[in-house]
>>> print(open('structure10.pdb').read())   # PDB, C-alpha atoms
ATOM      1  CA  MET M 724       0.000   0.000   0.000
ATOM      2  CA  ILE M 725       1.202   3.515  -0.846
ATOM      3  CA  ASN M 726      -0.409   6.716   0.361
ATOM      4  CA  ILE M 727       0.152  10.320   1.425
ATOM      5  CA  ILE M 728       1.281  10.679   5.042
ATOM      6  CA  SER M 729      -0.771  13.232   6.960
ATOM      7  CA  ASP M 730       0.621  16.076   9.076
ATOM      8  CA  THR M 731      -0.725  14.348  12.198
ATOM      9  CA  PHE M 732       1.240  11.136  11.626
ATOM     10  CA  ASP M 733       3.436   9.807  14.446
ATOM     11  CA  ARG M 734       6.820  11.505  13.966
ATOM     12  CA  GLU M 735       8.882   8.819  15.676
ATOM     13  CA  LEU M 736       7.270   6.095  13.584
ATOM     14  CA  TYR M 737       7.952   8.159  10.473
ATOM     15  CA  ASN M 738      11.620   8.768  11.332
ATOM     16  CA  ASN M 739      12.124   5.059  11.984
ATOM     17  CA  ALA M 740      11.380   4.526   8.297
ATOM     18  CA  ALA M 741      13.363   7.539   7.028
ATOM     19  CA  HIS M 742      16.718   6.874   5.410
ATOM     20  CA  HIS M 743      18.570  10.184   5.720
ATOM     21  CA  PRO M 744      18.311  13.487   7.645
ATOM     22  CA  LEU M 745      16.879  15.134   4.521
ATOM     23  CA  GLN M 746      14.057  12.604   4.720
ATOM     24  CA  SER M 747      13.433  13.221   8.431
ATOM     25  CA  TRP M 748      10.193  14.695   9.694
ATOM     26  CA  GLU M 749      12.090  17.639  11.192
ATOM     27  CA  TRP M 750      13.705  18.479   7.855
ATOM     28  CA  GLY M 751      10.293  18.494   6.208
ATOM     29  CA  GLN M 752       8.937  20.852   8.869
ATOM     30  CA  ALA M 753      11.891  23.155   8.330
ATOM     31  CA  ARG M 754      11.330  23.221   4.580
ATOM     32  CA  LEU M 755       7.677  24.076   5.161
ATOM     33  CA  GLU M 756       8.812  27.087   7.189
ATOM     34  CA  THR M 757      11.101  28.188   4.348
ATOM     35  CA  GLY M 758       8.010  28.519   2.167
ATOM     36  CA  VAL M 759       7.976  25.377   0.033
ATOM     37  CA  ASN M 760       5.289  22.721   0.058
ATOM     38  CA  VAL M 761       6.171  19.254   1.334
ATOM     39  CA  ILE M 762       4.545  15.954   0.393
ATOM     40  CA  ARG M 763       5.335  12.811   2.373
ATOM     41  CA  VAL M 764       4.603   9.466   0.754
ATOM     42  CA  GLY M 765       4.561   6.246   2.740
ATOM     43  CA  GLU M 766       5.129   2.726   1.386
ATOM     44  CA  TYR M 767       3.674  -0.018   3.599
ATOM     45  CA  LYS M 768       4.387  -3.721   3.883
ATOM     46  CA  ASP M 769       2.120  -5.927   5.987
ATOM     47  CA  ASN M 770       0.411  -2.783   7.311
ATOM     48  CA  HIS M 771       3.723  -1.420   8.647
ATOM     49  CA  LEU M 772       5.398   1.722   7.318
ATOM     50  CA  HIS M 773       8.400   0.427   5.390
ATOM     51  CA  ASN M 774       9.777   3.395   3.422
ATOM     52  CA  VAL M 775       9.108   7.120   3.282
ATOM     53  CA  PHE M 776       9.606   9.540   0.399
ATOM     54  CA  GLN M 777       9.619  13.202   1.375
ATOM     55  CA  MET M 778       9.352  15.531  -1.608
ATOM     56  CA  THR M 779       9.517  19.319  -1.741
ATOM     57  CA  LEU M 780       7.689  21.348  -4.394
ATOM     58  CA  HIS M 781       9.443  24.370  -5.899
ATOM     59  CA  PRO M 782       7.519  26.893  -8.049
ATOM     60  CA  VAL M 783       8.821  27.889 -11.471
ATOM     61  CA  PRO M 784       8.690  31.713 -11.351
ATOM     62  CA  HIS M 785       5.812  33.425 -13.172
ATOM     63  CA  THR M 786       4.096  30.124 -14.047
ATOM     64  CA  LYS M 787       1.652  27.697 -12.449
ATOM     65  CA  TRP M 788       4.217  24.900 -12.784
ATOM     66  CA  LYS M 789       6.487  23.436 -10.143
ATOM     67  CA  ILE M 790       9.518  21.145  -9.797
ATOM     68  CA  GLY M 791       9.505  18.220  -7.358
ATOM     69  CA  TYR M 792      12.659  17.286  -5.448
ATOM     70  CA  LEU M 793      13.124  13.932  -3.686
ATOM     71  CA  PRO M 794      16.606  13.786  -2.124
ATOM     72  CA  ARG M 795      18.377  10.918  -0.388
ATOM     73  CA  SER M 796      15.541   8.418  -0.120
ATOM     74  CA  VAL M 797      15.772   4.695  -0.725
ATOM     75  CA  MET M 798      15.305   3.613  -4.328
ATOM     76  CA  PRO M 799      11.606   4.075  -5.211
ATOM     77  CA  SER M 800       9.898   0.908  -6.404
ATOM     78  CA  ILE M 801       7.941   0.854  -9.657
ATOM     79  CA  LYS M 802       4.708   1.278  -7.707
ATOM     80  CA  VAL M 803       6.125   4.262  -5.816
ATOM     81  CA  ILE M 804       7.275   5.809  -9.103
ATOM     82  CA  GLU M 805       3.775   5.400 -10.511
ATOM     83  CA  PHE M 806       2.311   6.998  -7.379
ATOM     84  CA  LEU M 807       4.763   9.924  -7.546
ATOM     85  CA  PHE M 808       3.909  10.418 -11.208
ATOM     86  CA  GLU M 809       0.234  10.820 -10.334
ATOM     87  CA  VAL M 810       1.136  13.210  -7.510
ATOM     88  CA  GLY M 811       3.139  15.181 -10.048
ATOM     89  CA  ARG M 812       0.192  15.429 -12.388
ATOM     90  CA  GLU M 813      -2.083  16.555  -9.558
ATOM     91  CA  HIS M 814       0.318  19.294  -8.395
ATOM     92  CA  ASN M 815       1.380  20.680 -11.813
ATOM     93  CA  LEU M 816       4.913  19.301 -11.660
ATOM     94  CA  ILE M 817       7.048  19.410 -14.778
ATOM     95  CA  PHE M 818       9.339  16.724 -13.349
ATOM     96  CA  ILE M 819      10.541  15.235 -10.070
ATOM     97  CA  LYS M 820      14.280  15.139  -9.407
ATOM     98  CA  LEU M 821      15.285  11.855  -7.719
ATOM     99  CA  GLU M 822      18.628  11.646  -5.891
ATOM    100  CA  PRO M 823      18.530   8.365  -3.931
ATOM    101  CA  TYR M 824      21.023   7.573  -1.179
ATOM    102  CA  ILE M 825      22.095   4.477  -3.110
ATOM    103  CA  SER M 826      25.685   3.712  -4.025
ATOM    104  CA  VAL M 827      27.126   2.201  -7.180
ATOM    105  CA  ILE M 828      27.882  -1.515  -6.902
ATOM    106  CA  GLY M 829      30.895  -2.539  -8.973
ATOM    107  CA  ASN M 830      30.392  -1.274 -12.515
ATOM    108  CA  GLN M 831      26.639  -0.900 -12.096
ATOM    109  CA  TYR M 832      26.121   2.795 -12.779
ATOM    110  CA  SER M 833      22.326   2.706 -12.527
ATOM    111  CA  VAL M 834      19.902   0.662 -10.520
ATOM    112  CA  ILE M 835      16.942   2.388 -12.120
ATOM    113  CA  SER M 836      14.795  -0.354 -13.609
ATOM    114  CA  PRO M 837      15.079  -0.612 -17.422
ATOM    115  CA  GLU M 838      11.315  -0.948 -17.408
ATOM    116  CA  LEU M 839      11.056   2.512 -15.889
ATOM    117  CA  MET M 840      13.627   3.983 -18.247
ATOM    118  CA  THR M 841      11.658   2.904 -21.312
ATOM    119  CA  ASP M 842       8.048   3.183 -20.145
ATOM    120  CA  ASN M 843       6.196   5.750 -22.279
ATOM    121  CA  ARG M 844       4.255   7.118 -19.320
ATOM    122  CA  GLN M 845       6.772   7.194 -16.503
ATOM    123  CA  GLN M 846       9.805   8.503 -18.354
ATOM    124  CA  ILE M 847      12.969   8.680 -16.255
ATOM    125  CA  VAL M 848      16.107  10.311 -17.651
ATOM    126  CA  LYS M 849      19.561  10.996 -16.251
ATOM    127  CA  SER M 850      19.495  14.537 -14.898
ATOM    128  CA  LYS M 851      21.727  17.104 -16.553
ATOM    129  CA  HIS M 852      21.544  19.318 -13.470
ATOM    130  CA  PRO M 853      22.252  17.283 -10.299
ATOM    131  CA  LEU M 854      22.108  19.001  -6.924
ATOM    132  CA  PHE M 855      24.143  16.493  -4.918
ATOM    133  CA  PRO M 856      27.639  15.408  -6.031
ATOM    134  CA  ASP M 857      27.961  11.833  -7.260
ATOM    135  CA  TRP M 858      30.795  11.169  -4.833
ATOM    136  CA  THR M 859      31.356  11.400  -1.100
ATOM    137  CA  GLN M 860      33.878  10.054   1.381
ATOM    138  CA  ILE M 861      32.859   7.684   4.173
ATOM    139  CA  LEU M 862      34.726   6.960   7.397
ATOM    140  CA  ASP M 863      34.026   3.658   9.157
ATOM    141  CA  LEU M 864      33.616   4.460  12.871
ATOM    142  CA  ASN M 865      33.568   0.870  14.140
ATOM    143  CA  GLY M 866      37.221   0.730  15.148
ATOM    144  CA  THR M 867      38.795   1.920  18.383
ATOM    145  CA  VAL M 868      40.075   5.472  18.705
ATOM    146  CA  ASP M 869      43.649   4.221  18.261
ATOM    147  CA  GLU M 870      42.646   2.269  15.155
ATOM    148  CA  LEU M 871      40.976   5.355  13.686
ATOM    149  CA  LEU M 872      44.126   7.367  14.301
ATOM    150  CA  LYS M 873      46.250   4.734  12.576
ATOM    151  CA  LYS M 874      44.065   4.942   9.462
ATOM    152  CA  MET M 875      44.869   8.616   9.018
ATOM    153  CA  LYS M 876      47.589  10.034   6.852
ATOM    154  CA  SER M 877      50.680  10.914   8.859
ATOM    155  CA  LYS M 878      50.378  14.613   8.020
ATOM    156  CA  THR M 879      46.831  14.696   9.409
ATOM    157  CA  ARG M 880      47.930  13.023  12.664
ATOM    158  CA  TYR M 881      50.801  15.526  12.894
ATOM    159  CA  ASN M 882      48.448  18.487  12.427
ATOM    160  CA  ILE M 883      46.088  17.169  15.120
ATOM    161  CA  ARG M 884      48.973  16.881  17.596
ATOM    162  CA  LEU M 885      50.232  20.317  16.569
ATOM    163  CA  ALA M 886      46.858  21.959  17.202
ATOM    164  CA  THR M 887      46.644  20.335  20.624
ATOM    165  CA  LYS M 888      50.194  21.345  21.502
ATOM    166  CA  LYS M 889      49.570  24.961  20.509
ATOM    167  CA  GLY M 890      46.565  25.166  22.819
ATOM    168  CA  VAL M 891      43.606  24.737  20.461
ATOM    169  CA  THR M 892      40.569  23.308  22.249
ATOM    170  CA  VAL M 893      37.272  21.970  20.877
ATOM    171  CA  LYS M 894      33.901  22.275  22.595
ATOM    172  CA  GLU M 895      30.496  20.962  21.724
ATOM    173  CA  GLN M 896      28.094  23.909  21.919
ATOM    174  CA  SER M 897      24.860  22.527  20.532
ATOM    175  CA  ASP M 898      22.849  25.486  21.762
ATOM    176  CA  ASP M 899      21.742  28.840  20.376
ATOM    177  CA  GLN M 900      24.955  30.545  21.450
ATOM    178  CA  GLY M 901      27.067  27.929  19.709
ATOM    179  CA  PHE M 902      24.928  28.219  16.597
ATOM    180  CA  GLU M 903      25.567  31.973  16.438
ATOM    181  CA  VAL M 904      29.322  31.340  16.554
ATOM    182  CA  PHE M 905      29.025  28.722  13.833
ATOM    183  CA  LEU M 906      26.814  30.929  11.655
ATOM    184  CA  LYS M 907      29.274  33.825  11.645
ATOM    185  CA  LEU M 908      32.206  31.590  10.721
ATOM    186  CA  TYR M 909      30.109  29.851   8.063
ATOM    187  CA  PHE M 910      29.066  33.043   6.290
ATOM    188  CA  ASP M 911      32.546  34.552   6.638
ATOM    189  CA  THR M 912      33.825  31.471   4.811
ATOM    190  CA  CYS M 913      31.087  31.674   2.166
ATOM    191  CA  GLU M 914      31.997  35.297   1.444
ATOM    192  CA  ARG M 915      35.708  34.541   1.350
ATOM    193  CA  GLN M 916      35.257  31.599  -1.039
ATOM    194  CA  HIS M 917      32.555  33.298  -3.139
ATOM    195  CA  TYR M 918      30.055  30.566  -2.316
ATOM    196  CA  TYR M 919      26.431  31.665  -2.464
ATOM    197  CA  GLY M 920      24.108  29.024  -1.085
ATOM    198  CA  HIS M 921      21.169  29.426   1.251
ATOM    199  CA  ASP M 922      20.712  32.650   3.199
ATOM    200  CA  GLU M 923      20.839  33.242   6.953
ATOM    201  CA  LYS M 924      17.068  32.896   7.375
ATOM    202  CA  TYR M 925      17.187  29.414   5.831
ATOM    203  CA  HIS M 926      19.961  28.254   8.156
ATOM    204  CA  ARG M 927      18.174  29.624  11.211
ATOM    205  CA  ILE M 928      15.001  27.747  10.285
ATOM    206  CA  ILE M 929      16.946  24.512   9.795
ATOM    207  CA  TRP M 930      18.635  24.972  13.168
ATOM    208  CA  GLU M 931      15.429  25.717  15.052
ATOM    209  CA  ASN M 932      13.755  22.571  13.721
ATOM    210  CA  LEU M 933      16.668  20.156  14.034
ATOM    211  CA  LYS M 934      18.337  21.302  17.260
ATOM    212  CA  ASN M 935      18.168  18.938  20.242
ATOM    213  CA  LYS M 936      17.266  16.149  17.791
ATOM    214  CA  ILE M 937      19.608  15.869  14.813
ATOM    215  CA  THR M 938      22.128  18.735  14.805
ATOM    216  CA  HIS M 939      25.322  19.180  16.814
ATOM    217  CA  ILE M 940      27.638  22.206  16.884
ATOM    218  CA  LEU M 941      31.387  21.778  17.435
ATOM    219  CA  ILE M 942      33.696  24.782  17.762
ATOM    220  CA  ALA M 943      37.506  24.990  17.865
ATOM    221  CA  TYR M 944      38.940  27.806  20.017
ATOM    222  CA  TYR M 945      42.334  29.377  20.574
ATOM    223  CA  LYS M 946      42.461  31.590  23.682
ATOM    224  CA  ASP M 947      38.653  31.924  23.633
ATOM    225  CA  GLU M 948      38.654  33.006  19.979
ATOM    226  CA  PRO M 949      36.622  30.712  17.680
ATOM    227  CA  LEU M 950      38.697  29.542  14.717
ATOM    228  CA  ALA M 951      36.489  26.893  13.096
ATOM    229  CA  ALA M 952      33.030  25.408  13.590
ATOM    230  CA  TYR M 953      30.918  22.582  12.194
ATOM    231  CA  GLU M 954      27.204  21.917  12.120
ATOM    232  CA  LEU M 955      26.870  18.134  12.097
ATOM    233  CA  PHE M 956      23.892  15.814  11.658
ATOM    234  CA  ASN M 957      23.340  12.559  13.541
ATOM    235  CA  PHE M 958      20.571  10.349  12.200
ATOM    236  CA  ARG M 959      19.965   6.605  12.444
ATOM    237  CA  ASN M 960      23.512   5.425  13.184
ATOM    238  CA  ARG M 961      25.141   7.693  10.624
ATOM    239  CA  PHE M 962      26.981  10.977  11.189
ATOM    240  CA  TYR M 963      27.141  13.751   8.554
ATOM    241  CA  TYR M 964      29.263  16.832   7.924
ATOM    242  CA  PRO M 965      27.071  19.187   5.845
ATOM    243  CA  TYR M 966      28.279  22.634   6.958
ATOM    244  CA  GLY M 967      31.525  24.126   8.187
ATOM    245  CA  GLY M 968      33.195  27.488   8.557
ATOM    246  CA  SER M 969      36.579  28.831   9.591
ATOM    247  CA  SER M 970      38.417  32.035  10.389
ATOM    248  CA  ILE M 971      41.348  33.439   8.437
ATOM    249  CA  LYS M 972      43.139  34.020  11.741
ATOM    250  CA  HIS M 973      45.746  31.642  13.172
ATOM    251  CA  ARG M 974      45.651  29.257  10.222
ATOM    252  CA  GLU M 975      48.987  27.894  11.429
ATOM    253  CA  MET M 976      47.183  26.450  14.467
ATOM    254  CA  MET M 977      45.593  23.672  12.371
ATOM    255  CA  ALA M 978      42.326  24.104  14.273
ATOM    256  CA  SER M 979      40.254  22.472  11.524
ATOM    257  CA  ASN M 980      42.285  19.268  11.762
ATOM    258  CA  LEU M 981      41.631  18.945  15.480
ATOM    259  CA  LEU M 982      37.991  19.929  14.980
ATOM    260  CA  MET M 983      37.401  17.109  12.483
ATOM    261  CA  TRP M 984      39.076  14.607  14.795
ATOM    262  CA  GLU M 985      36.786  15.683  17.633
ATOM    263  CA  ALA M 986      33.816  15.426  15.247
ATOM    264  CA  ILE M 987      34.824  11.842  14.462
ATOM    265  CA  LYS M 988      34.990  10.996  18.163
ATOM    266  CA  LEU M 989      31.651  12.713  18.804
ATOM    267  CA  GLY M 990      29.970  10.686  16.064
ATOM    268  CA  LYS M 991      31.412   7.503  17.508
ATOM    269  CA  ASN M 992      30.254   8.421  21.033
ATOM    270  CA  LEU M 993      26.750   9.086  19.702
ATOM    271  CA  GLY M 994      26.615   5.529  18.358
ATOM    272  CA  ALA M 995      27.125   6.282  14.666
ATOM    273  CA  LYS M 996      28.621   3.456  12.618
ATOM    274  CA  GLU M 997      29.919   5.622   9.809
ATOM    275  CA  PHE M 998      30.662   9.257   9.044
ATOM    276  CA  ASP M 999      29.476  10.647   5.700
ATOM    277  CA  MET M1000      31.536  13.682   4.678
ATOM    278  CA  TRP M1001      28.593  14.860   2.477
ATOM    279  CA  GLY M1002      30.470  15.447  -0.797
ATOM    280  CA  SER M1003      33.786  15.085  -2.590
ATOM    281  CA  LEU M1004      35.579  15.069  -5.895
ATOM    282  CA  PRO M1005      36.030  11.564  -7.364
ATOM    283  CA  PRO M1006      39.145   9.614  -6.356
ATOM    284  CA  ASN M1007      42.373  10.435  -8.201
ATOM    285  CA  SER M1008      41.070  13.852  -9.263
ATOM    286  CA  ASP M1009      43.453  16.706 -10.016
ATOM    287  CA  THR M1010      42.609  18.585  -6.841
ATOM    288  CA  SER M1011      44.897  21.503  -7.766
ATOM    289  CA  LYS M1012      42.487  22.640 -10.472
ATOM    290  CA  ASN M1013      39.142  22.459  -8.680
ATOM    291  CA  ASP M1014      37.477  24.558  -6.007
ATOM    292  CA  TRP M1015      36.648  21.342  -4.148
ATOM    293  CA  GLY M1016      40.242  20.192  -4.181
ATOM    294  CA  GLY M1017      41.148  21.495  -0.748
ATOM    295  CA  PHE M1018      38.377  19.860   1.238
ATOM    296  CA  THR M1019      38.677  16.659  -0.831
ATOM    297  CA  ARG M1020      42.307  16.332   0.252
ATOM    298  CA  PHE M1021      41.408  17.366   3.801
ATOM    299  CA  LYS M1022      38.821  14.599   4.145
ATOM    300  CA  GLU M1023      41.157  11.998   2.596
ATOM    301  CA  GLY M1024      43.579  12.621   5.424
ATOM    302  CA  TYR M1025      41.269  10.924   7.938
ATOM    303  CA  GLY M1026      41.371   7.488   6.334
ATOM    304  CA  THR M1027      38.076   7.723   4.478
ATOM    305  CA  LYS M1028      36.922   5.584   1.591
ATOM    306  CA  TYR M1029      35.316   6.972  -1.532
ATOM    307  CA  LYS M1030      31.695   6.174  -2.252
ATOM    308  CA  GLN M1031      29.883   6.802  -5.519
ATOM    309  CA  PHE M1032      26.130   7.297  -5.678
ATOM    310  CA  ILE M1033      24.028   6.313  -8.656
ATOM    311  CA  GLY M1034      23.417   9.975  -9.389
ATOM    312  CA  SER M1035      20.489  12.186 -10.204
ATOM    313  CA  TYR M1036      17.449  11.248 -12.315
ATOM    314  CA  ASP M1037      14.410  13.196 -13.491
ATOM    315  CA  LEU M1038      10.974  11.609 -13.472
ATOM    316  CA  VAL M1039       9.363  13.528 -16.319
ATOM    317  CA  VAL M1040       5.702  14.372 -15.814
ATOM    318  CA  LYS M1041       5.255  16.935 -18.626
ATOM    319  CA  PRO M1042       7.613  15.981 -21.501
ATOM    320  CA  ALA M1043       7.090  19.090 -23.659
ATOM    321  CA  LEU M1044       7.544  21.468 -20.738
ATOM    322  CA  TYR M1045      10.527  19.467 -19.535
ATOM    323  CA  LYS M1046      12.326  20.089 -22.855
ATOM    324  CA  ILE M1047      11.612  23.813 -22.621
ATOM    325  CA  TYR M1048      12.712  23.958 -18.977
ATOM    326  CA  THR M1049      15.938  22.070 -19.706
ATOM    327  CA  LEU M1050      16.812  24.356 -22.602
ATOM    328  CA  ALA M1051      16.076  27.478 -20.542
ATOM    329  CA  HIS M1052      18.252  26.136 -17.718
ATOM    330  CA  GLN M1053      21.129  25.519 -20.138
ATOM    331  CA  LEU M1054      20.850  29.011 -21.646
ATOM    332  CA  ARG M1055      20.807  30.572 -18.182
ATOM    333  CA  SER M1056      23.938  28.618 -17.207
ATOM    334  CA  VAL M1057      25.741  29.814 -20.312
ATOM    335  CA  TYR M1058      24.704  33.412 -19.614
ATOM    336  CA  LEU M1059      25.880  33.299 -15.998
ATOM    337  CA  GLY M1060      29.162  31.764 -17.106
ATOM    338  CA  MET M1061      29.773  34.712 -19.418
ATOM    339  CA  LYS M1062      29.243  37.353 -16.725
TER     340      LYS M1062
END
>>> encode(input="structure10.pdb", output="structure tokens")
Amino acid sequence: MINIISDTFDRELYNNAAHHPLQSWEWGQARLETGVNVIRVGEYKDNHLHNVFQMTLHPVPHTKWKIGYLPRSVMPSIKVIEFLFEVGREHNLIFIKLEPYISVIGNQYSVISPELMTDNRQQIVKSKHPLFPDWTQILDLNGTVDELLKKMKSKTRYNIRLATKKGVTVKEQSDDQGFEVFLKLYFDTCERQHYYGHDEKYHRIIWENLKNKITHILIAYYKDEPLAAYELFNFRNRFYYPYGGSSIKHREMMASNLLMWEAIKLGKNLGAKEFDMWGSLPPNSDTSKNDWGGFTRFKEGYGTKYKQFIGSYDLVVKPALYKIYTLAHQLRSVYLGMK
């Protein structure tokens, strides 16, 4: 059985079936507060909620049409795809972007059913505009602290010891005060690196809905001055590193290296079995020629393993409009690249 989950549904029961923090009930509530509609679909087996699919609806400006976005769910079954297609028709969706939290197995670069890829009604195509990177780095947290240290690159271990020796300390401050420290460092970093993502209002809404449940704030200090901070997610035995910020001061203190080590230990203490670093360049990339090169090398230093996801797919609901939308998106990208 597949149906829409109501706003009065049991949140704990829902989260027990969710696969990722972006599929959590709290994340959906936060997105509602940011002004987008949220639809939660439940897939049942033997009258028990088995999987959930939380989708956000994003208006196309100056039209009645919308785009659906379904991030980091399990792989939708054929019946779920058919249900989502009908939801798309009902809500004037041009397409639904699917980015499952499913990794590539061997040389299998797609686990989307060939039946779905060729069906005339439920057309699914590889997305030309993914939102999540295809690659991340994963750290197995099952070993002892000493074993985790041994997995690291020697330079990373050296930098951790150096930060400790120089007097850098790390505190968990998963409260409003800690969030304010994190937020300043985060937006200072965004400005410095010319990264323009979500605004301050968005991050405050996310924090207010996820604090005391999913989010943790870690801050590295030197003589009471914050040098680096992370906002981390803990959800269903997996730890995540979605957001971080740092100061330009005292870079020689290697505060970020100690901060990540303390984040690893925090995740382990919280019962997480693995640590997902959220995104990365592919292995063996030329990191000297990419904006992501620095944090890709940084994450490698902790003994991570690379993981490739199957990627981003579009479930096309309105084929003619989808072609127009895709072309417009390409033209806009070209224009922005010329500015």
>>> atom_distance(input="structure10.pdb", atom1="atom CA of M:Lys907", atom2="atom CA of M:Phe1021")
21.9 Å
>>> resolve_selection(input="structure10.pdb", expression="the PyMOL selection byres ((chain M and resi 910) around 12)", output="ChimeraX atom specification")
/M:903-909,911-923,926,951-952,966-970
>>> resolve_selection(input="structure10.pdb", expression="the PyMOL selection byres ((chain M and resi 883) around 10)", output="PDB file with C-alpha atoms, in the frame of the given file")
ATOM      1  CA  SER M 877      50.680  10.914   8.859  1.00  0.00           C
ATOM      2  CA  LYS M 878      50.378  14.613   8.020  1.00  0.00           C
ATOM      3  CA  THR M 879      46.831  14.696   9.409  1.00  0.00           C
ATOM      4  CA  ARG M 880      47.930  13.023  12.664  1.00  0.00           C
ATOM      5  CA  TYR M 881      50.801  15.526  12.894  1.00  0.00           C
ATOM      6  CA  ASN M 882      48.448  18.487  12.427  1.00  0.00           C
ATOM      7  CA  ARG M 884      48.973  16.881  17.596  1.00  0.00           C
ATOM      8  CA  LEU M 885      50.232  20.317  16.569  1.00  0.00           C
ATOM      9  CA  ALA M 886      46.858  21.959  17.202  1.00  0.00           C
ATOM     10  CA  THR M 887      46.644  20.335  20.624  1.00  0.00           C
ATOM     11  CA  LYS M 888      50.194  21.345  21.502  1.00  0.00           C
ATOM     12  CA  VAL M 891      43.606  24.737  20.461  1.00  0.00           C
ATOM     13  CA  MET M 976      47.183  26.450  14.467  1.00  0.00           C
ATOM     14  CA  MET M 977      45.593  23.672  12.371  1.00  0.00           C
ATOM     15  CA  ALA M 978      42.326  24.104  14.273  1.00  0.00           C
ATOM     16  CA  SER M 979      40.254  22.472  11.524  1.00  0.00           C
ATOM     17  CA  ASN M 980      42.285  19.268  11.762  1.00  0.00           C
ATOM     18  CA  LEU M 981      41.631  18.945  15.480  1.00  0.00           C
ATOM     19  CA  LEU M 982      37.991  19.929  14.980  1.00  0.00           C
ATOM     20  CA  MET M 983      37.401  17.109  12.483  1.00  0.00           C
ATOM     21  CA  TRP M 984      39.076  14.607  14.795  1.00  0.00           C
ATOM     22  CA  GLU M 985      36.786  15.683  17.633  1.00  0.00           C
TER      23      GLU M 985
END
>>> closest_residue(input="structure10.pdb", among="M:Leu1038, M:Ala986, M:Ile861, M:Leu780", to="M:Lys849", atoms="only C-alpha atoms")
M:Leu1038
>>> atom_distance(input="structure10.pdb", atom1="atom CA of M:Asp863", atom2="atom CA of M:Gly990")
10.7 Å
>>> closest_residue(input="structure10.pdb", among="M:Val783, M:Gly765, M:His773, M:Met724", to="M:Tyr1048", atoms="all atoms listed in the file")
M:Val783
>>> closest_residue(input="structure10.pdb", among="M:Thr867, M:Gln1053, M:Ser897, M:Asn932", to="M:Asn992", atoms="only C-alpha atoms")
M:Thr867
>>> closest_residue(input="structure10.pdb", among="M:Ile804, M:Gly811, M:Glu822, M:Ile1047", to="M:Gly791", atoms="all atoms listed in the file")
M:Gly811
>>> closest_residue(input="structure10.pdb", among="M:Tyr1045, M:Tyr792, M:Ile825, M:Tyr1036", to="M:Lys851", atoms="all atoms listed in the file")
M:Tyr1036
>>> atom_distance(input="structure10.pdb", atom1="atom CA of M:Asp1037", atom2="atom CA of M:Pro1005")
22.5 Å
>>> closest_residue(input="structure10.pdb", among="M:Val764, M:Ala740, M:Ile940, M:Leu755", to="M:Glu809", atoms="all atoms listed in the file")
M:Val764
>>> resolve_selection(input="structure10.pdb", expression="the PyMOL selection byres ((chain M and resi 751) around 10)", output="PDB file with C-alpha atoms, in the coordinates of the input")
ATOM      1  CA  PRO M 744      18.311  13.487   7.645  1.00  0.00           C
ATOM      2  CA  LEU M 745      16.879  15.134   4.521  1.00  0.00           C
ATOM      3  CA  GLN M 746      14.057  12.604   4.720  1.00  0.00           C
ATOM      4  CA  SER M 747      13.433  13.221   8.431  1.00  0.00           C
ATOM      5  CA  TRP M 748      10.193  14.695   9.694  1.00  0.00           C
ATOM      6  CA  GLU M 749      12.090  17.639  11.192  1.00  0.00           C
ATOM      7  CA  TRP M 750      13.705  18.479   7.855  1.00  0.00           C
ATOM      8  CA  GLN M 752       8.937  20.852   8.869  1.00  0.00           C
ATOM      9  CA  ALA M 753      11.891  23.155   8.330  1.00  0.00           C
ATOM     10  CA  ARG M 754      11.330  23.221   4.580  1.00  0.00           C
ATOM     11  CA  LEU M 755       7.677  24.076   5.161  1.00  0.00           C
ATOM     12  CA  GLU M 756       8.812  27.087   7.189  1.00  0.00           C
ATOM     13  CA  THR M 757      11.101  28.188   4.348  1.00  0.00           C
ATOM     14  CA  VAL M 759       7.976  25.377   0.033  1.00  0.00           C
ATOM     15  CA  ASN M 760       5.289  22.721   0.058  1.00  0.00           C
ATOM     16  CA  VAL M 761       6.171  19.254   1.334  1.00  0.00           C
ATOM     17  CA  ILE M 762       4.545  15.954   0.393  1.00  0.00           C
ATOM     18  CA  ARG M 763       5.335  12.811   2.373  1.00  0.00           C
ATOM     19  CA  GLN M 777       9.619  13.202   1.375  1.00  0.00           C
ATOM     20  CA  MET M 778       9.352  15.531  -1.608  1.00  0.00           C
ATOM     21  CA  THR M 779       9.517  19.319  -1.741  1.00  0.00           C
ATOM     22  CA  ILE M 929      16.946  24.512   9.795  1.00  0.00           C
ATOM     23  CA  ASN M 932      13.755  22.571  13.721  1.00  0.00           C
TER      24      ASN M 932
END
>>> residues_around(input="structure10.pdb", residues="M:Ala741", least_positions_apart="6", cutoff="8 Å", atoms="all atoms listed in the file", output="PDB file with C-alpha atoms, in the frame of the given file")
ATOM      1  CA  SER M 747      13.433  13.221   8.431  1.00  0.00           C
ATOM      2  CA  ASN M 774       9.777   3.395   3.422  1.00  0.00           C
ATOM      3  CA  VAL M 775       9.108   7.120   3.282  1.00  0.00           C
ATOM      4  CA  PHE M 776       9.606   9.540   0.399  1.00  0.00           C
ATOM      5  CA  SER M 796      15.541   8.418  -0.120  1.00  0.00           C
TER       6      SER M 796
END
>>> residues_around(input="structure10.pdb", residues="M:Asp857", least_positions_apart="5", cutoff="8 Å", atoms="all atoms listed in the file", output="ChimeraX atom specification")
/M:1002,1031-1034
>>> axis_aligned_box(input="structure10.pdb", around="stretch 1028-1032 of chain M", padding_each_side="8 Å", output="JSON")
{"center_x": 31.5, "center_y": 6.4, "center_z": -2.0, "size_x": 26.8, "size_y": 17.7, "size_z": 23.3}
